[in-house]
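Student: Just so it is clear, I am handing over target.pdb, which has PDB, C-alpha atoms, pLDDT in the B column.
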```
MODEL        1
ATOM      1  CA  MET M   1      87.725  90.954 113.643  1.00 95.00           C
ATOM      2  CA  LEU M   2      88.518  94.645 114.046  1.00 97.00           C
ATOM      3  CA  THR M   3      89.513  96.664 110.974  1.00 97.00           C
ATOM      4  CA  MET M   4      90.341 100.329 110.347  1.00 97.00           C
ATOM      5  CA  ASP M   5      86.573 100.923 109.951  1.00 97.00           C
ATOM      6  CA  ASP M   6      86.229 100.260 113.703  1.00 98.00           C
ATOM      7  CA  ILE M   7      88.839 102.879 114.662  1.00 98.00           C
ATOM      8  CA  ILE M   8      87.431 106.296 115.526  1.00 98.00           C
ATOM      9  CA  ARG M   9      89.396 109.321 114.396  1.00 98.00           C
ATOM     10  CA  ASP M  10      90.784 112.456 115.983  1.00 96.00           C
ATOM     11  CA  GLY M  11      87.989 114.847 116.924  1.00 96.00           C
ATOM     12  CA  HIS M  12      85.621 112.092 118.103  1.00 98.00           C
ATOM     13  CA  PRO M  13      84.493 112.959 121.668  1.00 98.00           C
ATOM     14  CA  THR M  14      85.237 109.464 123.065  1.00 98.00           C
ATOM     15  CA  LEU M  15      88.965 110.052 122.484  1.00 98.00           C
ATOM     16  CA  ARG M  16      88.902 112.944 124.985  1.00 98.00           C
ATOM     17  CA  LYS M  17      86.906 111.208 127.724  1.00 98.00           C
ATOM     18  CA  LYS M  18      88.345 109.502 130.802  1.00 98.00           C
ATOM     19  CA  ALA M  19      87.500 105.823 130.309  1.00 98.00           C
ATOM     20  CA  GLU M  20      85.608 103.816 132.954  1.00 98.00           C
ATOM     21  CA  GLU M  21      87.256 101.085 135.044  1.00 98.00           C
ATOM     22  CA  VAL M  22      86.403  97.551 133.910  1.00 98.00           C
ATOM     23  CA  VAL M  23      84.477  95.637 136.558  1.00 97.00           C
ATOM     24  CA  LEU M  24      86.398  92.518 137.586  1.00 96.00           C
ATOM     25  CA  PRO M  25      85.977  89.639 137.139  1.00 95.00           C
ATOM     26  CA  PRO M  26      85.494  90.744 133.522  1.00 96.00           C
ATOM     27  CA  SER M  27      82.290  89.982 131.625  1.00 97.00           C
ATOM     28  CA  GLU M  28      82.423  87.774 128.530  1.00 97.00           C
ATOM     29  CA  GLU M  29      81.746  90.870 126.417  1.00 97.00           C
ATOM     30  CA  ASP M  30      84.698  92.740 127.963  1.00 98.00           C
ATOM     31  CA  LYS M  31      86.952  89.701 127.457  1.00 98.00           C
ATOM     32  CA  LYS M  32      85.904  89.596 123.789  1.00 98.00           C
ATOM     33  CA  ILE M  33      86.664  93.313 123.313  1.00 98.00           C
ATOM     34  CA  LEU M  34      90.066  93.000 125.015  1.00 98.00           C
ATOM     35  CA  THR M  35      90.986  89.963 122.910  1.00 98.00           C
ATOM     36  CA  SER M  36      89.928  91.759 119.713  1.00 98.00           C
ATOM     37  CA  LEU M  37      92.241  94.701 120.524  1.00 98.00           C
ATOM     38  CA  LEU M  38      95.276  92.414 120.743  1.00 98.00           C
ATOM     39  CA  GLU M  39      94.148  90.497 117.665  1.00 98.00           C
ATOM     40  CA  TYR M  40      94.065  93.745 115.653  1.00 98.00           C
ATOM     41  CA  VAL M  41      97.590  94.737 116.717  1.00 98.00           C
ATOM     42  CA  ILE M  42      98.999  91.287 115.906  1.00 98.00           C
ATOM     43  CA  ASN M  43      97.150  91.127 112.551  1.00 98.00           C
ATOM     44  CA  SER M  44      98.319  94.643 111.633  1.00 98.00           C
ATOM     45  CA  GLN M  45     101.946  93.513 111.941  1.00 98.00           C
ATOM     46  CA  ASN M  46     101.359  90.576 109.593  1.00 97.00           C
ATOM     47  CA  ASN M  47     101.964  91.941 106.069  1.00 97.00           C
ATOM     48  CA  GLU M  48      99.573  89.491 104.425  1.00 97.00           C
ATOM     49  CA  MET M  49      96.715  90.207 106.870  1.00 97.00           C
ATOM     50  CA  ALA M  50      97.363  93.954 106.851  1.00 97.00           C
ATOM     51  CA  GLU M  51      97.210  94.080 103.060  1.00 96.00           C
ATOM     52  CA  LYS M  52      94.165  91.811 102.783  1.00 97.00           C
ATOM     53  CA  TYR M  53      92.102  93.802 105.302  1.00 96.00           C
ATOM     54  CA  GLY M  54      93.638  97.274 104.841  1.00 96.00           C
ATOM     55  CA  LEU M  55      95.023  97.414 108.376  1.00 97.00           C
ATOM     56  CA  ARG M  56      97.410 100.217 109.344  1.00 97.00           C
ATOM     57  CA  PRO M  57     100.314  98.755 111.318  1.00 96.00           C
ATOM     58  CA  ALA M  58     100.218  99.319 115.070  1.00 97.00           C
ATOM     59  CA  ILE M  59     102.099  98.283 118.203  1.00 98.00           C
ATOM     60  CA  GLY M  60      99.257  99.204 120.539  1.00 98.00           C
ATOM     61  CA  LEU M  61      95.536  99.919 120.677  1.00 98.00           C
ATOM     62  CA  ALA M  62      93.207 101.184 123.415  1.00 98.00           C
ATOM     63  CA  ALA M  63      89.472 100.509 123.755  1.00 98.00           C
ATOM     64  CA  PRO M  64      88.495 104.204 123.431  1.00 98.00           C
ATOM     65  CA  GLN M  65      89.941 104.059 119.898  1.00 98.00           C
ATOM     66  CA  ILE M  66      87.150 101.645 118.951  1.00 98.00           C
ATOM     67  CA  ASN M  67      84.595 103.880 120.723  1.00 98.00           C
ATOM     68  CA  VAL M  68      84.495 101.745 123.895  1.00 98.00           C
ATOM     69  CA  SER M  69      85.150 104.075 126.829  1.00 98.00           C
ATOM     70  CA  LYS M  70      86.575 101.396 129.130  1.00 98.00           C
ATOM     71  CA  ARG M  71      90.074 100.955 130.560  1.00 98.00           C
ATOM     72  CA  MET M  72      91.478  98.294 128.203  1.00 98.00           C
ATOM     73  CA  ILE M  73      94.675  98.275 126.138  1.00 98.00           C
ATOM     74  CA  ALA M  74      96.602  95.849 123.967  1.00 98.00           C
ATOM     75  CA  VAL M  75     100.310  96.033 123.140  1.00 98.00           C
ATOM     76  CA  HIS M  76     102.388  93.796 120.858  1.00 98.00           C
ATOM     77  CA  VAL M  77     105.920  95.173 120.597  1.00 98.00           C
ATOM     78  CA  THR M  78     109.519  94.006 120.862  1.00 96.00           C
ATOM     79  CA  GLY M  79     112.023  95.573 123.235  1.00 93.00           C
ATOM     80  CA  ASP M  80     115.650  96.447 122.493  1.00 88.00           C
ATOM     81  CA  LYS M  81     116.773  92.884 123.207  1.00 91.00           C
ATOM     82  CA  ASP M  82     114.123  91.492 120.820  1.00 92.00           C
ATOM     83  CA  GLU M  83     111.965  90.299 123.723  1.00 95.00           C
ATOM     84  CA  LEU M  84     108.249  90.314 122.846  1.00 97.00           C
ATOM     85  CA  TYR M  85     105.801  92.228 125.004  1.00 97.00           C
ATOM     86  CA  SER M  86     102.377  90.972 123.968  1.00 98.00           C
ATOM     87  CA  TYR M  87      99.739  91.955 126.515  1.00 98.00           C
ATOM     88  CA  ALA M  88      96.050  92.726 126.659  1.00 98.00           C
ATOM     89  CA  LEU M  89      95.212  94.402 129.972  1.00 98.00           C
ATOM     90  CA  PHE M  90      92.178  95.581 131.881  1.00 98.00           C
ATOM     91  CA  ASN M  91      92.584  98.672 134.110  1.00 98.00           C
ATOM     92  CA  PRO M  92      96.320  99.221 133.455  1.00 98.00           C
ATOM     93  CA  LYS M  93      98.026 101.780 135.695  1.00 98.00           C
ATOM     94  CA  ILE M  94     101.529 103.182 135.827  1.00 98.00           C
ATOM     95  CA  ILE M  95     102.472 102.459 139.444  1.00 98.00           C
ATOM     96  CA  SER M  96     106.005 103.880 139.257  1.00 98.00           C
ATOM     97  CA  HIS M  97     108.205 105.653 136.736  1.00 98.00           C
ATOM     98  CA  SER M  98     111.688 107.042 136.301  1.00 97.00           C
ATOM     99  CA  VAL M  99     112.479 110.728 136.569  1.00 96.00           C
ATOM    100  CA  GLU M 100     114.595 110.266 133.437  1.00 97.00           C
ATOM    101  CA  LYS M 101     112.750 110.981 130.192  1.00 97.00           C
ATOM    102  CA  ALA M 102     112.892 109.313 126.782  1.00 97.00           C
ATOM    103  CA  TYR M 103     111.415 110.006 123.360  1.00 97.00           C
ATOM    104  CA  LEU M 104     111.169 108.349 119.975  1.00 97.00           C
ATOM    105  CA  LYS M 105     113.521 109.942 117.441  1.00 95.00           C
ATOM    106  CA  SER M 106     110.934 109.276 114.725  1.00 95.00           C
ATOM    107  CA  GLY M 107     108.100 110.777 116.782  1.00 96.00           C
ATOM    108  CA  GLU M 108     104.857 108.969 117.601  1.00 97.00           C
ATOM    109  CA  GLY M 109     101.878 108.047 115.475  1.00 96.00           C
ATOM    110  CA  CYS M 110      98.381 106.846 116.244  1.00 98.00           C
ATOM    111  CA  LEU M 111      95.706 104.845 114.431  1.00 97.00           C
ATOM    112  CA  SER M 112      93.186 107.533 115.423  1.00 98.00           C
ATOM    113  CA  VAL M 113      95.299 110.303 113.845  1.00 98.00           C
ATOM    114  CA  ASP M 114      95.384 110.109 110.060  1.00 96.00           C
ATOM    115  CA  GLU M 115      97.996 112.795 109.429  1.00 94.00           C
ATOM    116  CA  SER M 116     101.619 112.724 110.481  1.00 93.00           C
ATOM    117  CA  ILE M 117     102.307 115.112 113.364  1.00 96.00           C
ATOM    118  CA  PRO M 118     106.059 115.705 113.657  1.00 95.00           C
ATOM    119  CA  GLY M 119     107.536 116.356 117.060  1.00 97.00           C
ATOM    120  CA  TYR M 120     109.157 114.756 120.060  1.00 97.00           C
ATOM    121  CA  VAL M 121     106.893 113.359 122.762  1.00 97.00           C
ATOM    122  CA  PRO M 122     108.509 113.358 126.222  1.00 97.00           C
ATOM    123  CA  ARG M 123     107.842 110.098 128.088  1.00 98.00           C
ATOM    124  CA  HIS M 124     109.240 108.393 131.173  1.00 98.00           C
ATOM    125  CA  ALA M 125     112.289 106.277 130.243  1.00 97.00           C
ATOM    126  CA  ARG M 126     111.133 103.454 132.554  1.00 98.00           C
ATOM    127  CA  VAL M 127     107.726 102.553 133.933  1.00 98.00           C
ATOM    128  CA  THR M 128     106.164  99.804 135.999  1.00 98.00           C
ATOM    129  CA  VAL M 129     102.656  98.955 134.831  1.00 98.00           C
ATOM    130  CA  LYS M 130     100.102  96.920 136.740  1.00 98.00           C
ATOM    131  CA  GLY M 131      96.886  95.597 135.208  1.00 98.00           C
ATOM    132  CA  PHE M 132      94.769  92.486 134.808  1.00 98.00           C
ATOM    133  CA  ASN M 133      94.840  89.955 131.974  1.00 98.00           C
ATOM    134  CA  VAL M 134      91.791  88.535 130.195  1.00 97.00           C
ATOM    135  CA  ASN M 135      91.255  86.053 133.058  1.00 94.00           C
ATOM    136  CA  GLY M 136      91.413  88.801 135.681  1.00 94.00           C
ATOM    137  CA  ASP M 137      94.874  87.785 136.955  1.00 96.00           C
ATOM    138  CA  VAL M 138      97.295  90.517 138.088  1.00 98.00           C
ATOM    139  CA  VAL M 139     100.076  91.373 135.624  1.00 98.00           C
ATOM    140  CA  LYS M 140     102.992  93.588 136.666  1.00 98.00           C
ATOM    141  CA  LEU M 141     105.530  94.704 134.058  1.00 98.00           C
ATOM    142  CA  ARG M 142     108.786  96.642 134.339  1.00 97.00           C
ATOM    143  CA  LEU M 143     109.360  98.369 131.011  1.00 98.00           C
ATOM    144  CA  ARG M 144     111.958 100.509 129.300  1.00 97.00           C
ATOM    145  CA  GLY M 145     112.580 101.780 125.774  1.00 96.00           C
ATOM    146  CA  LEU M 146     109.921 101.366 123.097  1.00 97.00           C
ATOM    147  CA  PRO M 147     107.651  99.091 125.204  1.00 98.00           C
ATOM    148  CA  ALA M 148     107.604 101.727 127.994  1.00 98.00           C
ATOM    149  CA  ILE M 149     106.696 104.446 125.490  1.00 98.00           C
ATOM    150  CA  CYS M 150     104.011 102.290 123.882  1.00 98.00           C
ATOM    151  CA  PHE M 151     102.320 101.481 127.217  1.00 98.00           C
ATOM    152  CA  GLN M 152     102.366 105.180 128.187  1.00 98.00           C
ATOM    153  CA  HIS M 153     100.805 106.135 124.836  1.00 98.00           C
ATOM    154  CA  GLU M 154      97.990 103.575 125.236  1.00 98.00           C
ATOM    155  CA  ILE M 155      97.322 104.403 128.912  1.00 98.00           C
ATOM    156  CA  ASP M 156      97.079 108.087 127.892  1.00 98.00           C
ATOM    157  CA  HIS M 157      94.168 107.114 125.616  1.00 98.00           C
ATOM    158  CA  LEU M 158      92.324 105.890 128.721  1.00 98.00           C
ATOM    159  CA  ASN M 159      92.661 109.376 130.184  1.00 98.00           C
ATOM    160  CA  GLY M 160      91.605 111.301 127.079  1.00 98.00           C
ATOM    161  CA  ILE M 161      95.165 112.384 126.246  1.00 98.00           C
ATOM    162  CA  MET M 162      96.574 112.336 122.709  1.00 98.00           C
ATOM    163  CA  PHE M 163     100.316 112.027 122.001  1.00 98.00           C
ATOM    164  CA  TYR M 164     100.507 115.407 120.283  1.00 98.00           C
ATOM    165  CA  ASP M 165      99.295 117.139 123.483  1.00 98.00           C
ATOM    166  CA  TYR M 166     102.893 116.754 124.754  1.00 97.00           C
ATOM    167  CA  ILE M 167     104.698 118.131 121.689  1.00 97.00           C
ATOM    168  CA  ASP M 168     106.330 121.538 122.128  1.00 96.00           C
ATOM    169  CA  LYS M 169     104.194 123.684 119.777  1.00 94.00           C
ATOM    170  CA  GLN M 170     106.904 126.374 119.389  1.00 95.00           C
ATOM    171  CA  ASN M 171     109.746 123.963 118.598  1.00 95.00           C
ATOM    172  CA  PRO M 172     108.420 120.403 117.990  1.00 97.00           C
ATOM    173  CA  LEU M 173     111.787 118.929 116.957  1.00 95.00           C
ATOM    174  CA  LYS M 174     113.876 120.464 119.727  1.00 93.00           C
ATOM    175  CA  PRO M 175     115.645 117.536 121.445  1.00 90.00           C
ATOM    176  CA  ILE M 176     114.376 116.959 124.984  1.00 93.00           C
ATOM    177  CA  GLU M 177     117.175 117.901 127.377  1.00 92.00           C
ATOM    178  CA  GLY M 178     118.607 115.008 129.384  1.00 93.00           C
ATOM    179  CA  ALA M 179     116.273 112.498 127.728  1.00 96.00           C
ATOM    180  CA  ILE M 180     117.204 109.199 126.070  1.00 95.00           C
ATOM    181  CA  GLU M 181     116.620 109.282 122.301  1.00 95.00           C
ATOM    182  CA  ILE M 182     115.154 105.981 121.115  1.00 94.00           C
ATOM    183  CA  ASP M 183     115.868 105.210 117.478  1.00 89.00           C
ATOM    184  CA  ARG M 184     113.341 102.520 116.461  1.00 80.00           C
TER     185      ARG M 184
ENDMDL
END
```
Do you think you could lay out the structure here as structure tokens?
Tutor:
Amino acid sequence: MLTMDDIIRDGHPTLRKKAEEVVLPPSEEDKKILTSLLEYVINSQNNEMAEKYGLRPAIGLAAPQINVSKRMIAVHVTGDKDELYSYALFNPKIISHSVEKAYLKSGEGCLSVDESIPGYVPRHARVTVKGFNVNGDVVKLRLRGLPAICFQHEIDHLNGIMFYDYIDKQNPLKPIEGAIEIDR
């Protein structure tokens, strides 16, 4: 079971590397890693488990955050209609996105970043993501709102990008013109 001790922190070189594609069909080891990512996210949202094991709550986690430079992410988040998006994906890609932008009113956080970094992070309001589940089957998702933002955040980790790279350094809390503000 993954814990906060397995999460590497800001400044670690793996967080800035472009992760390698996972060879499909996936190996048993890669399946185990992918499953453990989703398990962490689910456990971190369970108050009892989080307290018992000292887990910081998360809605997503990428393999580079546990020092595995491979293209794997896990997301466990509810959308604005309370629909659950619980996915663990190999080689996820954004295959299309809206021109319209969105951002979280509360800003973004990250398990690999211990301090709070205030600021708005511009994201695409809608994305279509394609990847492969633990069995190597194709998964295609059309996302909007918080799930869309979460998937973009995790896929950025696979490309060595941190959320704060997008924040306007001069005026971090300046509302993003024409963007949808998501209050979650």
Student: Hey, which of M:Ala88, M:Met72, M:Ala62, M:Ile7 ends up closest to Glu20 (chain M)? Count all atoms listed in the file.
Tutor: M:Met72
Student: Env of Ile33 (chain M): 12 Å cut, atoms = only C-alpha atoms, seq-sep filter 2 positions within chain, self excluded. Answer as a PyMOL selection string.
Tutor: chain M and resi 1-2+6+22+26-31+35-40+61-74+88-90+134
Student: Smallest atom-to-atom distance to Ile117 (chain M): which of M:Tyr53, M:Tyr166, M:Phe132, M:Tyr87, using all atoms listed in the file?
Tutor: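 Answer, going by the shortest atom-to-atom distance: M:Tyr166.
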Student: So the first atom is CA of Glu108 (chain M) and the second is CA of His153 (chain M); what is the distance between them in Å, to one decimal place?
Tutor: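 A separation of 8.8 Å between them.
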Student: CA of Pro57 (chain M) and CA of Lys169 (chain M) are how many Å apart?
Tutor: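 CA of Lys169 (chain M) lies at a distance of 26.6 Å from CA of Pro57 (chain M).
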Student: Nearest to Thr14 (chain M): which of M:Ile167, M:Leu111, M:Ile180, M:Leu158 is it, counting all atoms listed in the file?
Tutor: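 Checking each candidate against Thr14 (chain M), we get M:Leu158 as the closest.
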Student: Box time for region 9-22 of chain M: axis-aligned, enclosing all its listed atoms, 3 Å extra on each side; report centre and edge lengths in Å to one decimal, as AutoDock Vina command-line options.
Tutor:
```
--center_x 87.6 --center_y 106.2 --center_z 124.7 --size_x 12.3 --size_y 23.3 --size_z 26.6
```
Student: Between CA of Ala125 (chain M) and CA of Val138 (chain M), what is the distance, to one decimal in Å?
Tutor: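 Atom-to-atom, CA of Ala125 (chain M) and CA of Val138 (chain M) are spaced 23.1 Å apart.
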Student: Can you work out which one of M:Thr78, M:Tyr85, M:Ile59, M:Val23 has the shortest atom-to-atom distance to Gly136 (chain M), counting all atoms listed in the file?
Tutor: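 Selected residue with least distance to Gly136 (chain M): M:Val23.
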Student: Choose the residue, out of M:Thr3, M:Asn91, M:Thr128, M:Asn46, that has the smallest atom-to-atom separation from Ile149 (chain M); count all atoms listed in the file.
Tutor: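 Looking at the shortest contact to Ile149 (chain M), the residue is M:Thr128.
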Student: With distances taken over only C-alpha atoms, which of M:Leu146, M:Lys18, M:Leu173, M:Asn159 is nearest to Ala102 (chain M)?
Tutor: M:Leu146
